[in-house]
Structures are given as C-alpha cells and as structure tokens.
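Chemist: Coordinates in coords25.csv, CSV, C-alpha atoms, are listed below.
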```csv
chain,number,residue,atom,x,y,z
A,1,MET,CA,98.8,21.9,-81.8
A,2,ALA,CA,98.8,23.7,-85.2
A,3,GLN,CA,98.8,21.4,-88.2
A,4,GLN,CA,101.8,21.7,-90.5
A,5,ASP,CA,101.3,23.2,-93.9
A,6,TYR,CA,100.7,20.4,-96.4
A,7,TYR,CA,103.1,21.9,-98.9
A,8,ASP,CA,105.8,21.9,-96.2
A,9,VAL,CA,105.0,18.3,-95.3
A,10,LEU,CA,105.7,17.2,-98.9
A,11,GLY,CA,108.5,19.7,-99.4
A,12,VAL,CA,107.1,21.3,-102.5
A,13,GLU,CA,106.3,24.9,-103.5
A,14,ARG,CA,102.7,26.1,-103.7
A,15,GLY,CA,102.8,26.3,-107.4
A,16,ALA,CA,104.1,22.7,-107.9
A,17,ASP,CA,102.4,20.6,-110.5
A,18,ALA,CA,100.8,17.2,-110.0
A,19,ALA,CA,103.9,15.4,-111.2
A,20,ALA,CA,106.1,17.2,-108.7
A,21,ILE,CA,103.7,16.5,-105.9
A,22,LYS,CA,103.5,12.8,-106.7
A,23,SER,CA,107.3,12.6,-106.9
A,24,ALA,CA,107.8,14.3,-103.6
A,25,PHE,CA,105.3,12.1,-101.9
A,26,ARG,CA,106.8,9.0,-103.3
A,27,LYS,CA,110.3,9.9,-102.2
A,28,ARG,CA,109.3,10.8,-98.6
A,29,ALA,CA,106.9,7.9,-98.2
A,30,MET,CA,109.8,5.6,-99.0
A,31,GLN,CA,111.9,7.3,-96.4
A,32,TYR,CA,109.3,7.2,-93.6
A,33,HIS,CA,107.6,3.9,-94.4
A,34,PRO,CA,106.8,2.0,-91.1
A,35,ASP,CA,108.5,-1.2,-92.4
A,36,ARG,CA,111.7,0.7,-92.7
A,37,ASN,CA,111.3,2.4,-89.3
A,38,LYS,CA,109.9,-0.2,-87.0
A,39,ASP,CA,111.5,1.3,-83.9
A,40,ASN,CA,110.6,4.9,-84.7
A,41,PRO,CA,107.1,5.9,-83.8
A,42,GLU,CA,107.7,9.4,-85.1
A,43,ALA,CA,108.3,7.9,-88.6
A,44,GLU,CA,104.8,6.3,-88.6
A,45,GLN,CA,103.2,9.6,-87.6
A,46,LYS,CA,105.2,11.4,-90.3
A,47,PHE,CA,104.0,8.7,-92.8
A,48,LYS,CA,100.4,9.4,-91.9
A,49,GLU,CA,100.9,13.2,-92.3
A,50,LEU,CA,102.4,12.5,-95.8
A,51,GLY,CA,99.3,10.5,-96.7
A,52,GLN,CA,97.0,13.3,-95.6
A,53,ALA,CA,99.0,15.9,-97.4
A,54,TYR,CA,99.1,13.9,-100.6
A,55,GLU,CA,95.4,13.1,-100.6
A,56,ILE,CA,94.5,16.8,-100.4
A,57,LEU,CA,97.0,18.2,-102.8
A,58,SER,CA,96.6,15.5,-105.4
A,59,ASP,CA,92.9,16.3,-105.8
A,60,ASP,CA,92.3,19.5,-107.8
A,61,GLN,CA,89.1,20.4,-105.9
A,62,LYS,CA,90.5,19.7,-102.4
A,63,ARG,CA,93.7,21.5,-103.3
A,64,ALA,CA,91.8,24.6,-104.4
A,65,ALA,CA,89.8,24.6,-101.2
A,66,TYR,CA,93.0,24.2,-99.1
A,67,ASP,CA,94.7,27.0,-101.0
A,68,ARG,CA,91.8,29.3,-100.1
A,69,PHE,CA,90.8,28.3,-96.6
A,70,GLY,CA,93.7,26.2,-95.3
A,71,HIS,CA,93.0,23.3,-92.9
A,72,ALA,CA,89.7,25.0,-92.0
A,73,ALA,CA,88.3,23.8,-95.3
A,74,PHE,CA,88.1,20.2,-93.9
A,75,GLU,CA,87.0,21.0,-90.4
A,76,ASN,CA,83.5,20.7,-89.0
A,77,GLY,CA,82.3,18.5,-91.9
A,78,GLY,CA,83.7,20.8,-94.5
A,79,MET,CA,83.7,19.2,-98.0
A,80,ASN,CA,81.8,16.2,-96.6
A,81,GLY,CA,78.9,14.7,-98.6
A,82,ALA,CA,78.5,14.2,-102.4
A,83,GLY,CA,81.8,14.8,-104.1
A,84,GLY,CA,83.4,15.9,-100.8
A,85,PHE,CA,86.1,14.6,-98.6
A,86,ALA,CA,85.5,11.0,-97.4
A,87,ARG,CA,87.5,9.4,-94.7
A,88,GLY,CA,89.8,6.7,-95.9
A,89,PHE,CA,91.0,6.4,-99.5
A,90,GLY,CA,87.8,6.5,-101.5
A,91,GLY,CA,87.1,8.3,-104.8
A,92,ALA,CA,89.6,9.5,-107.3
A,93,ALA,CA,92.2,10.6,-104.8
A,94,GLY,CA,92.0,7.3,-103.1
A,95,GLY,CA,92.6,5.5,-106.3
A,96,ALA,CA,95.6,7.7,-107.1
A,97,PHE,CA,97.0,7.1,-103.6
A,98,SER,CA,96.5,3.3,-104.0
A,99,ASP,CA,98.4,3.3,-107.3
A,100,ILE,CA,101.3,5.2,-105.9
A,101,PHE,CA,101.4,3.1,-102.8
A,102,ASP,CA,101.6,0.0,-104.9
A,103,ASP,CA,104.6,1.6,-106.7
A,104,ILE,CA,106.3,2.4,-103.4
A,105,PHE,CA,105.7,-1.0,-102.0
A,106,SER,CA,107.1,-2.7,-105.1
A,107,GLU,CA,110.3,-0.7,-105.0
A,108,PHE,CA,110.6,-1.2,-101.2
A,109,MET,CA,110.2,-4.9,-101.5
A,110,GLY,CA,112.5,-5.2,-104.5
A,111,ALA,CA,112.9,-8.8,-105.8
A,112,ARG,CA,110.7,-10.1,-103.0
A,113,GLY,CA,107.8,-8.0,-104.1
A,114,ALA,CA,108.2,-9.1,-107.7
A,115,ARG,CA,107.8,-12.7,-106.7
A,116,ARG,CA,104.5,-13.1,-104.9
A,117,GLY,CA,102.8,-16.3,-104.1
A,118,GLY,CA,105.7,-18.6,-104.7
A,119,PRO,CA,108.5,-20.4,-102.8
A,120,GLY,CA,111.7,-18.5,-102.0
A,121,ARG,CA,115.0,-18.8,-103.9
A,122,GLY,CA,117.8,-21.1,-102.7
A,123,ALA,CA,120.9,-19.6,-101.1
A,124,ASP,CA,124.0,-18.8,-103.1
A,125,LEU,CA,127.1,-21.0,-102.3
A,126,LYS,CA,130.8,-20.1,-102.2
A,127,TYR,CA,133.6,-22.5,-103.1
A,128,ASN,CA,137.4,-21.7,-102.9
A,129,LEU,CA,139.4,-23.3,-105.6
A,130,SER,CA,143.3,-23.3,-105.6
A,131,ILE,CA,145.2,-23.9,-108.8
A,132,THR,CA,148.8,-23.7,-109.8
A,133,LEU,CA,150.3,-21.1,-112.1
A,134,GLU,CA,150.8,-23.7,-114.8
A,135,GLU,CA,147.1,-24.5,-114.6
A,136,ALA,CA,146.2,-20.8,-114.7
A,137,PHE,CA,148.3,-20.6,-117.9
A,138,ALA,CA,146.8,-23.6,-119.7
A,139,GLY,CA,143.4,-23.7,-118.1
A,140,LYS,CA,141.8,-26.9,-116.7
A,141,LYS,CA,138.7,-28.8,-116.0
A,142,ALA,CA,138.4,-28.9,-112.2
A,143,GLU,CA,136.3,-31.6,-110.5
A,144,ILE,CA,134.9,-30.3,-107.3
A,145,LYS,CA,132.5,-31.6,-104.6
A,146,VAL,CA,130.0,-29.1,-103.2
A,147,PRO,CA,127.9,-29.8,-100.1
A,148,GLY,CA,124.5,-28.2,-100.0
A,149,SER,CA,120.8,-28.8,-100.5
A,150,VAL,CA,119.4,-30.5,-103.6
A,151,MET,CA,115.8,-31.2,-104.7
A,152,CYS,CA,114.1,-34.0,-102.9
A,153,GLU,CA,113.6,-36.8,-105.5
A,154,THR,CA,110.8,-38.4,-103.4
A,155,CYS,CA,108.4,-35.5,-103.7
A,156,ASN,CA,110.1,-33.8,-106.7
A,157,GLY,CA,110.7,-30.7,-104.6
A,158,THR,CA,107.0,-30.0,-103.7
A,159,GLY,CA,107.5,-30.9,-100.1
A,160,ALA,CA,104.2,-32.9,-100.2
A,161,LYS,CA,104.0,-36.6,-99.6
A,162,PRO,CA,103.8,-38.7,-102.8
A,163,GLY,CA,100.1,-38.9,-103.8
A,164,SER,CA,99.3,-35.5,-102.3
A,165,ALA,CA,100.0,-32.0,-103.4
A,166,PRO,CA,100.2,-28.5,-101.9
A,167,VAL,CA,97.0,-26.5,-101.7
A,168,THR,CA,96.3,-22.8,-102.2
A,169,CYS,CA,96.6,-20.9,-98.9
A,170,SER,CA,93.1,-20.1,-97.6
A,171,THR,CA,94.4,-16.9,-95.8
A,172,CYS,CA,96.0,-15.1,-98.8
A,173,LYS,CA,94.3,-17.0,-101.6
A,174,GLY,CA,97.6,-17.8,-103.1
A,175,ALA,CA,99.0,-14.2,-103.2
A,176,GLY,CA,101.6,-14.8,-100.5
A,177,ARG,CA,100.7,-11.5,-98.9
A,178,VAL,CA,97.9,-10.0,-96.9
A,179,ARG,CA,96.8,-6.5,-96.3
A,180,VAL,CA,96.2,-5.3,-92.7
A,181,GLN,CA,94.8,-2.1,-91.4
A,182,GLN,CA,97.2,0.1,-89.3
A,183,GLY,CA,95.3,3.1,-88.3
A,184,PHE,CA,95.1,5.5,-91.3
A,185,PHE,CA,96.9,3.1,-93.7
A,186,THR,CA,96.5,-0.3,-95.2
A,187,ILE,CA,99.9,-2.2,-95.0
A,188,GLU,CA,100.7,-5.2,-97.1
A,189,ARG,CA,102.7,-7.9,-95.3
A,190,THR,CA,103.9,-11.5,-95.8
A,191,CYS,CA,101.1,-14.0,-95.2
A,192,PRO,CA,101.6,-15.5,-91.7
A,193,HIS,CA,99.9,-18.8,-92.6
A,194,CYS,CA,102.0,-19.8,-95.7
A,195,HIS,CA,105.0,-17.5,-95.0
A,196,GLY,CA,104.7,-15.9,-98.4
A,197,GLU,CA,104.5,-19.0,-100.6
A,198,GLY,CA,100.8,-18.9,-101.4
A,199,ARG,CA,100.5,-22.7,-100.7
A,200,THR,CA,100.3,-24.9,-97.7
A,201,ILE,CA,101.1,-28.6,-97.2
A,202,SER,CA,98.9,-30.7,-95.1
A,203,ASP,CA,100.7,-34.0,-95.6
A,204,PRO,CA,104.5,-33.3,-95.8
A,205,CYS,CA,107.0,-35.6,-97.4
A,206,THR,CA,108.7,-37.8,-94.8
A,207,ASP,CA,112.1,-37.8,-96.6
A,208,CYS,CA,112.5,-34.0,-96.6
A,209,SER,CA,110.1,-33.1,-93.8
A,210,GLY,CA,108.1,-30.9,-96.2
A,211,GLN,CA,111.0,-28.8,-97.2
A,212,GLY,CA,111.3,-30.1,-100.8
A,213,ARG,CA,115.1,-30.4,-100.5
A,214,VAL,CA,117.6,-32.6,-98.7
A,215,ARG,CA,121.3,-32.2,-97.9
A,216,ARG,CA,123.7,-33.9,-100.3
A,217,GLU,CA,127.2,-33.5,-101.7
A,218,ARG,CA,127.3,-32.9,-105.4
A,219,ALA,CA,130.2,-33.5,-107.9
A,220,LEU,CA,130.6,-30.7,-110.4
A,221,SER,CA,132.9,-30.1,-113.3
A,222,VAL,CA,134.2,-26.5,-113.6
A,223,ASP,CA,135.9,-25.1,-116.7
A,224,VAL,CA,138.8,-22.8,-115.6
A,225,PRO,CA,139.8,-20.7,-118.6
A,226,ALA,CA,143.4,-20.2,-119.5
A,227,GLY,CA,144.8,-16.9,-118.3
A,228,ILE,CA,142.6,-16.7,-115.2
A,229,GLU,CA,144.0,-14.4,-112.5
A,230,ASP,CA,144.2,-14.8,-108.8
A,231,GLY,CA,140.9,-13.6,-107.1
A,232,THR,CA,138.7,-14.2,-110.1
A,233,ARG,CA,135.1,-15.2,-109.4
A,234,ILE,CA,133.4,-17.7,-111.5
A,235,ARG,CA,129.6,-17.8,-111.3
A,236,LEU,CA,127.7,-21.0,-112.1
A,237,SER,CA,124.0,-20.0,-112.4
A,238,GLY,CA,121.5,-22.4,-110.7
A,239,GLU,CA,124.2,-24.5,-109.0
A,240,GLY,CA,123.6,-23.2,-105.5
A,241,GLU,CA,121.2,-24.4,-102.9
A,242,ALA,CA,117.9,-25.7,-104.1
A,243,GLY,CA,115.0,-23.5,-103.2
A,244,PRO,CA,112.4,-24.7,-100.6
A,245,ARG,CA,109.4,-26.6,-102.0
A,246,GLY,CA,110.3,-26.1,-105.7
A,247,GLY,CA,111.8,-22.7,-105.4
A,248,PRO,CA,114.5,-21.6,-107.9
A,249,GLU,CA,118.1,-22.6,-107.2
A,250,GLY,CA,120.7,-20.1,-106.0
A,251,ASP,CA,124.0,-19.7,-107.7
A,252,LEU,CA,127.5,-21.1,-107.0
A,253,TYR,CA,130.4,-18.7,-106.9
A,254,ILE,CA,133.9,-20.1,-107.3
A,255,PHE,CA,136.7,-18.0,-106.0
A,256,VAL,CA,140.0,-18.9,-107.7
A,257,HIS,CA,143.3,-18.6,-105.9
A,258,VAL,CA,146.5,-19.0,-107.9
A,259,ASP,CA,149.3,-20.4,-105.9
A,260,GLU,CA,152.7,-18.8,-105.8
A,261,HIS,CA,155.4,-20.2,-108.1
A,262,ASP,CA,159.0,-21.1,-107.3
A,263,LEU,CA,160.4,-19.6,-110.5
A,264,PHE,CA,157.9,-17.0,-111.8
A,265,GLU,CA,156.1,-13.9,-110.5
A,266,ARG,CA,153.1,-12.7,-112.3
A,267,ASP,CA,151.9,-9.2,-113.2
A,268,GLY,CA,148.8,-9.5,-115.4
A,269,ALA,CA,149.8,-11.3,-118.5
A,270,ASP,CA,153.6,-10.8,-117.9
A,271,LEU,CA,155.9,-13.1,-116.0
A,272,TYR,CA,159.1,-12.2,-114.2
A,273,SER,CA,162.0,-14.6,-113.4
A,274,MET,CA,165.3,-14.1,-111.6
A,275,MET,CA,168.3,-16.0,-113.0
A,276,PRO,CA,171.6,-16.3,-111.2
A,277,ILE,CA,174.6,-16.4,-113.6
A,278,PRO,CA,178.3,-17.0,-113.0
A,279,MET,CA,180.6,-14.0,-112.7
A,280,THR,CA,182.6,-15.2,-115.6
A,281,THR,CA,179.5,-15.4,-117.9
A,282,ALA,CA,178.6,-11.8,-116.9
A,283,ALA,CA,182.2,-10.6,-117.5
A,284,LEU,CA,182.9,-12.5,-120.8
A,285,GLY,CA,179.3,-12.8,-122.1
A,286,GLY,CA,177.6,-16.0,-123.0
A,287,ASP,CA,174.3,-17.9,-123.4
A,288,PHE,CA,172.1,-19.6,-120.9
A,289,GLU,CA,168.7,-21.2,-121.0
A,290,ALA,CA,165.7,-19.9,-119.0
A,291,PRO,CA,162.6,-21.9,-118.3
A,292,THR,CA,159.2,-20.9,-119.6
A,293,ILE,CA,155.7,-21.4,-118.0
A,294,ASP,CA,154.7,-23.8,-120.7
A,295,GLY,CA,157.5,-26.2,-119.8
A,296,GLY,CA,159.8,-25.1,-122.6
A,297,ARG,CA,163.2,-23.2,-122.6
A,298,VAL,CA,164.4,-20.0,-124.2
A,299,LYS,CA,168.0,-19.0,-124.9
A,300,ILE,CA,169.2,-15.7,-123.3
A,301,SER,CA,172.3,-14.1,-124.8
A,302,VAL,CA,174.3,-12.1,-122.2
A,303,PRO,CA,176.6,-9.4,-123.5
A,304,GLU,CA,180.0,-8.8,-122.0
A,305,GLY,CA,180.1,-6.8,-118.8
A,306,ALA,CA,176.5,-7.5,-117.9
A,307,GLN,CA,175.5,-6.3,-114.4
A,308,THR,CA,173.1,-7.6,-111.7
A,309,GLY,CA,169.6,-6.3,-112.5
A,310,LYS,CA,169.9,-6.3,-116.2
A,311,ARG,CA,166.6,-7.5,-117.7
A,312,PHE,CA,165.9,-9.4,-120.9
A,313,ARG,CA,162.5,-9.3,-122.5
A,314,VAL,CA,161.2,-12.4,-124.3
A,315,ARG,CA,158.0,-11.5,-126.2
A,316,GLY,CA,155.1,-13.9,-126.2
A,317,ARG,CA,156.4,-16.3,-123.6
A,318,GLY,CA,154.4,-15.0,-120.7
A,319,MET,CA,150.8,-16.0,-119.5
A,320,SER,CA,148.0,-16.7,-121.8
A,321,GLN,CA,145.4,-13.9,-122.0
A,322,LEU,CA,141.6,-14.0,-121.8
A,323,ASP,CA,139.7,-13.0,-124.9
A,324,ALA,CA,136.6,-10.8,-125.0
A,325,SER,CA,134.4,-13.7,-124.2
A,326,GLY,CA,136.3,-14.5,-121.0
A,327,ARG,CA,137.9,-17.6,-122.4
A,328,GLY,CA,141.6,-18.2,-122.4
A,329,ASP,CA,143.7,-18.1,-125.6
A,330,ILE,CA,147.2,-19.6,-125.3
A,331,ARG,CA,148.0,-18.0,-128.7
A,332,ARG,CA,147.7,-14.6,-127.2
A,333,ARG,CA,150.3,-14.3,-124.5
A,334,GLY,CA,152.1,-11.7,-122.4
A,335,ASP,CA,155.9,-11.4,-122.2
A,336,LEU,CA,158.6,-13.1,-120.1
A,337,PHE,CA,161.1,-10.8,-118.3
A,338,VAL,CA,164.3,-12.5,-117.2
A,339,GLU,CA,166.5,-10.5,-114.7
A,340,ILE,CA,170.0,-11.7,-114.1
A,341,GLN,CA,171.8,-11.8,-110.8
A,342,VAL,CA,175.6,-12.0,-111.0
A,343,GLU,CA,176.8,-14.6,-108.5
A,344,THR,CA,180.1,-14.2,-106.7
A,345,PRO,CA,182.0,-17.6,-106.5
A,346,THR,CA,182.5,-19.1,-103.1
A,347,GLY,CA,184.6,-22.0,-101.8
A,348,LEU,CA,187.5,-21.3,-104.1
A,349,ASN,CA,190.6,-23.5,-104.0
A,350,ALA,CA,194.2,-22.3,-104.0
A,351,GLU,CA,194.6,-22.4,-107.7
A,352,GLN,CA,191.4,-20.5,-108.4
A,353,LYS,CA,192.4,-17.8,-105.9
A,354,GLU,CA,195.8,-17.5,-107.5
A,355,VAL,CA,194.1,-17.0,-110.9
A,356,LEU,CA,191.9,-14.2,-109.5
A,357,GLN,CA,194.9,-12.6,-107.9
A,358,GLN,CA,196.7,-12.5,-111.2
A,359,PHE,CA,193.6,-11.0,-112.7
A,360,CYS,CA,193.6,-8.2,-110.2
A,361,GLU,CA,197.4,-7.6,-110.6
A,362,ALA,CA,196.8,-7.4,-114.4
A,363,GLY,CA,194.5,-4.5,-113.9
A,364,GLY,CA,191.3,-6.5,-113.5
A,365,GLY,CA,190.4,-5.0,-110.2
A,366,GLU,CA,189.0,-1.4,-109.8
A,367,ALA,CA,190.1,-0.6,-113.4
A,368,ALA,CA,187.8,-3.2,-114.8
A,369,CYS,CA,184.9,-2.2,-112.5
A,370,PRO,CA,183.8,1.4,-113.4
A,371,GLN,CA,180.8,1.4,-111.2
A,372,SER,CA,182.9,0.6,-108.1
A,373,ARG,CA,185.6,3.1,-109.1
A,374,GLY,CA,183.0,5.8,-109.5
A,375,PHE,CA,181.3,5.0,-106.2
A,376,PHE,CA,184.5,5.2,-104.2
A,377,GLU,CA,185.5,8.4,-106.0
A,378,ARG,CA,182.2,10.0,-104.8
A,379,ALA,CA,182.7,8.6,-101.3
A,380,LYS,CA,186.2,10.1,-101.1
A,381,THR,CA,184.8,13.5,-102.1
A,382,PHE,CA,182.2,13.1,-99.4
A,383,TRP,CA,184.7,12.2,-96.7
A,384,ASP,CA,187.0,15.1,-97.7
A,385,ASN,CA,184.0,17.6,-97.5
A,386,VAL,CA,183.1,16.3,-94.1
A,387,THR,CA,186.7,16.6,-92.9
A,388,ASP,CA,187.1,20.2,-94.2
A,389,GLY,CA,183.8,21.2,-92.5
A,390,ARG,CA,185.0,20.3,-89.1
```
As structure tokens, what does this structure read like?
Modeler:
Amino acid sequence: MAQQDYYDVLGVERGADAAAIKSAFRKRAMQYHPDRNKDNPEAEQKFKELGQAYEILSDDQKRAAYDRFGHAAFENGGMNGAGGFARGFGGAAGGAFSDIFDDIFSEFMGARGARRGGPGRGADLKYNLSITLEEAFAGKKAEIKVPGSVMCETCNGTGAKPGSAPVTCSTCKGAGRVRVQQGFFTIERTCPHCHGEGRTISDPCTDCSGQGRVRRERALSVDVPAGIEDGTRIRLSGEGEAGPRGGPEGDLYIFVHVDEHDLFERDGADLYSMMPIPMTTAALGGDFEAPTIDGGRVKISVPEGAQTGKRFRVRGRGMSQLDASGRGDIRRRGDLFVEIQVETPTGLNAEQKEVLQQFCEAGGGEAACPQSRGFFERAKTFWDNVTDGR
C-alpha cells in the first residue's frame, strides 16, 4: 500500500514554514490522540502517521531529502548512521517532537494536567434557597445547613493514621503520572498505584478510612444582597466538598428562588400592582392608598372618569437595585406602577338600585359612557353592512 504524502498527512503546502508545520501537527494530533479516540483504531494509526510526518518535515535535512527523493529517502537504511534518521525520537527532531507533545498533552488534560502529583479537588455543591419578595428587596442573612464532606479532624485531612504520614509513590516518584510505550509513541497516563496523587498511605486513618474527609452537615451564613433576582446564582468559593486526602475544596453554588407575591409582580427593578377601586371613585375622582414593598403606603390621586387599565407611576418605590459591586442599594430603586380596575357594585339594595336608575334617566347611561356609545355605534354599522350584503 502506497504511503500517503507527508504534506497531505499534515494538511500543509510544500512551501509551508516550520511554524505552519508545527501548528498543523499540533491541531491534528489533538484531534486523533488515542485518549480521545479509545474506540477508534483508525485514529491511533492516523496519530502514528502524523508523528512520522512531523518528524520528517520538522527536520531541515530530512525534509530536504524527502522533497527530493520522497519516501525512498528513508528506505533500505537511507539516512541511517551518523546524523541520519534513527528510529524513535532521538536527536533534534525527537526533542522538538517531545516538546510539542508535552504542549498537546497539557492542553488535552486541562486542569488535571496542570495539577500533577497531588490530591484531587472536592466536588462542587448546589443549594436551592427560596426567599420572599420582601427579602429580595431588603436583602437578608440566610442561615443554611449544607450536607457534604469535610476534612477529617483526626488526621487533618491526610488520610494517614495519626503518627504516620503518606509516602511518595514508588511507581511514579511523586509525579502522579507514568509514561508507557504504545508502539511508536510514548503515552503519559495516570499512575495506577497512587491514582494520580503522587503519594500512598500504608496505615490509613480509621475515622475516615484513609479518605481524609468525613460526611457532616455544616451550618453556613449567606449574605443575600438587596435587589437580588429570581434565578441568581451565588458562588461561595471553597465551601463545597472537601478534597480527598488534603485536596482543595470545591465551591458551593446557591441558586436563589424568589417566591411569587400576593400584591406585586416584578419586572427587573420595577413592581406592578393591580388596585380595584369603586365605580364612584372612578367616576367622581378621589384618592386611595396603595401598599409599597417596603411596608409603606403611597397616595394615588384618581382623576374623574378614570377607566379600568389606567396606570399610575410612582417613582422610586419599586425594588432596590444592585450596584456595580453586586451589592444591594435600597437608596437606588425602581418604580412602582399601580393599575386600577374599576369594580362594578354587586348586591345592591332597593334604594341603591333606585338611585342608579335615576342616574340613568338623568342621562347618566350611554351619554356618560363615550366608550360604550362609540362601540355600539361601530357595531350597528357592522350589522348594517352584513345585512346589506346578503
């Protein structure tokens, strides 16, 4: 089977410079790395071909020979010997490949690769906190209880029995990772003896069974800022699960839910309230008091002839707002919008009905209700048009 052109393997032009070749190899090696394609044998073969192509094209002498003679330059002992092509990753090309492989491995492993030879980080925790709208307005200090893992006090988190201590792993020499040969490549993996921690415990603590942490419920105080909105996430760094055997703690994420309110609906920093008023107040005008979220009252003046749906804006009586630092400031507030709903009286006695009848006979019916009169005029026109069209 004919070998594929090394330039095609890397996906570069023949005139590509060293930086372009290195970048192309790095990108494709990440794509076909065996650890990312454990169930794909073709990826491993592709990874080997990439390594072969890069070793040739990253070396000026080998690249010149390849450009002139192709794959034949390295067959039948070609370029073997002093200064020639040696199997494996020796020489300058080998060093370059090792450097770039370390770069690839570091990116592939991410945070795990950055922390070698140490205990893992504890898990993050989630806590759901429900508060009232009044508490969201004023802010509060919430006392919560969080179940989880905490550091074992008996062994101070080491996992070793008091009087003893963890020892450096003899397999990885404390690195937490070992290199194994897989055909053409050397692959770095987690040490199977210490599981990546770089240390082993021969005499584990009896209270935590060598884990360095125990299950316990903790009481925490959480500052909920004024003006916080429903769905906000509060992060408490280091308040999550304790890491195994002295590893760093995870974080605690508190998800805030603001309960619905009987009187107010919220839209950002603004509040909306629906206020029923008597028909007489809407017709004659008058004042009424509306509640505010801080427990106070505000006077609303209704003009004569006010209709259902009329909205009154009260500036600065809405929700408190968060400042740039994320803290609440009850001095900076949104607005309160009060919408009136004209209520039709029910359960009238005979005298009240008579008064309303006199009102209608005095021209207080359709004549005093222009919206109703206009609607029925339009309806009459509609009915006439329908009748004429038949």
Chemist: Env of region 131-139 of chain A: 8 Å cut, atoms = all atoms listed in the file, seq-sep filter 3 positions within chain, self excluded. Answer as a PyMOL selection string.
Modeler: chain A and resi 223-229+256-261+293-294+319-320+328+330
Chemist: Between A:Met274, A:Cys369, A:Ala18, A:Leu336, single out the one closest to Gly305 (chain A), counting all atoms listed in the file.
Modeler: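 Among the listed residues, A:Cys369 lies closest to Gly305 (chain A).
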Chemist: Find the distance between CA of Gly210 (chain A) and CA of Pro162 (chain A) and write it in Å to one decimal.
Modeler: 11.1 Å
Chemist: In Å, rounded to a single decimal, give me how far CA of His193 (chain A) is from CA of Thr168 (chain A).
Modeler: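 Here the two named atoms are 11.0 Å from each other.
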Chemist: I'd like the contact shell of Gly250 (chain A) - 10 Å cut-off, only C-alpha atoms, skipping same-chain residues fewer than 6 positions apart - returned as a VMD selection string.
Modeler: chain A and resid 120 to 125 236 to 243
Chemist: Save out the residues we just selected, C-alpha atoms, as a compact mmCIF listing (two decimals), in the frame of the given file.
Modeler:
```
# COMPACT_ATOMS: atom_id res chain seq x y z
CA GLY A 120 111.70 -18.50 -102.00
CA ARG A 121 115.00 -18.80 -103.90
CA GLY A 122 117.80 -21.10 -102.70
CA ALA A 123 120.90 -19.60 -101.10
CA ASP A 124 124.00 -18.80 -103.10
CA LEU A 125 127.10 -21.00 -102.30
CA LEU A 236 127.70 -21.00 -112.10
CA SER A 237 124.00 -20.00 -112.40
CA GLY A 238 121.50 -22.40 -110.70
CA GLU A 239 124.20 -24.50 -109.00
CA GLY A 240 123.60 -23.20 -105.50
CA GLU A 241 121.20 -24.40 -102.90
CA ALA A 242 117.90 -25.70 -104.10
CA GLY A 243 115.00 -23.50 -103.20
```
Chemist: To one decimal in Å, tell me the separation between CA of Lys299 (chain A) and CA of Phe312 (chain A).
Modeler: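 These two atoms are separated by 10.6 Å.
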Chemist: List as a PyMOL selection string the protein and nucleic acid residues near Gly318 (chain A), meaning an atom at most 7 Å away when all atoms listed in the file are counted, but skip any in the same chain fewer than 2 places from it.
Modeler: chain A and resi 269-271+316+320+333-336
Chemist: Counting all atoms listed in the file, write as a list in words all protein and nucleic acid residues lying at most 9 Å from (99.0, 26.0, -90.7) in the file's frame.
Modeler: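 Those within range, by chain then number, are Ala2, Gln3, Gln4, Asp5, Tyr6, Gly70 and His71 of chain A.
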Chemist: Place a sphere of radius 12 Å on (101.2, 8.2, -87.8) in the file coordinates and name every protein, DNA or RNA residue with an atom inside or on its surface, counting all atoms listed in the file; give the answer as a list in words.
Modeler: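 Counting all atoms listed in the file, I find these residues within 12 Å of (101.2, 8.2, -87.8): Ala29, Tyr32, His33, Pro34, Asn37, Asn40, Pro41, Glu42, Ala43, Glu44, Gln45, Lys46, Phe47, Lys48, Glu49, Leu50, Gly51, Gln52, Gln182, Gly183, Phe184 and Phe185 of chain A.
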Chemist: Which residues are near Leu57 (chain A)? Cut-off 8 Å, all atoms listed in the file, ignore same chain within fewer than 4 positions. Put them as an NGL selection string.
Modeler: :A and (6 or 21 or 53 or 62-63)
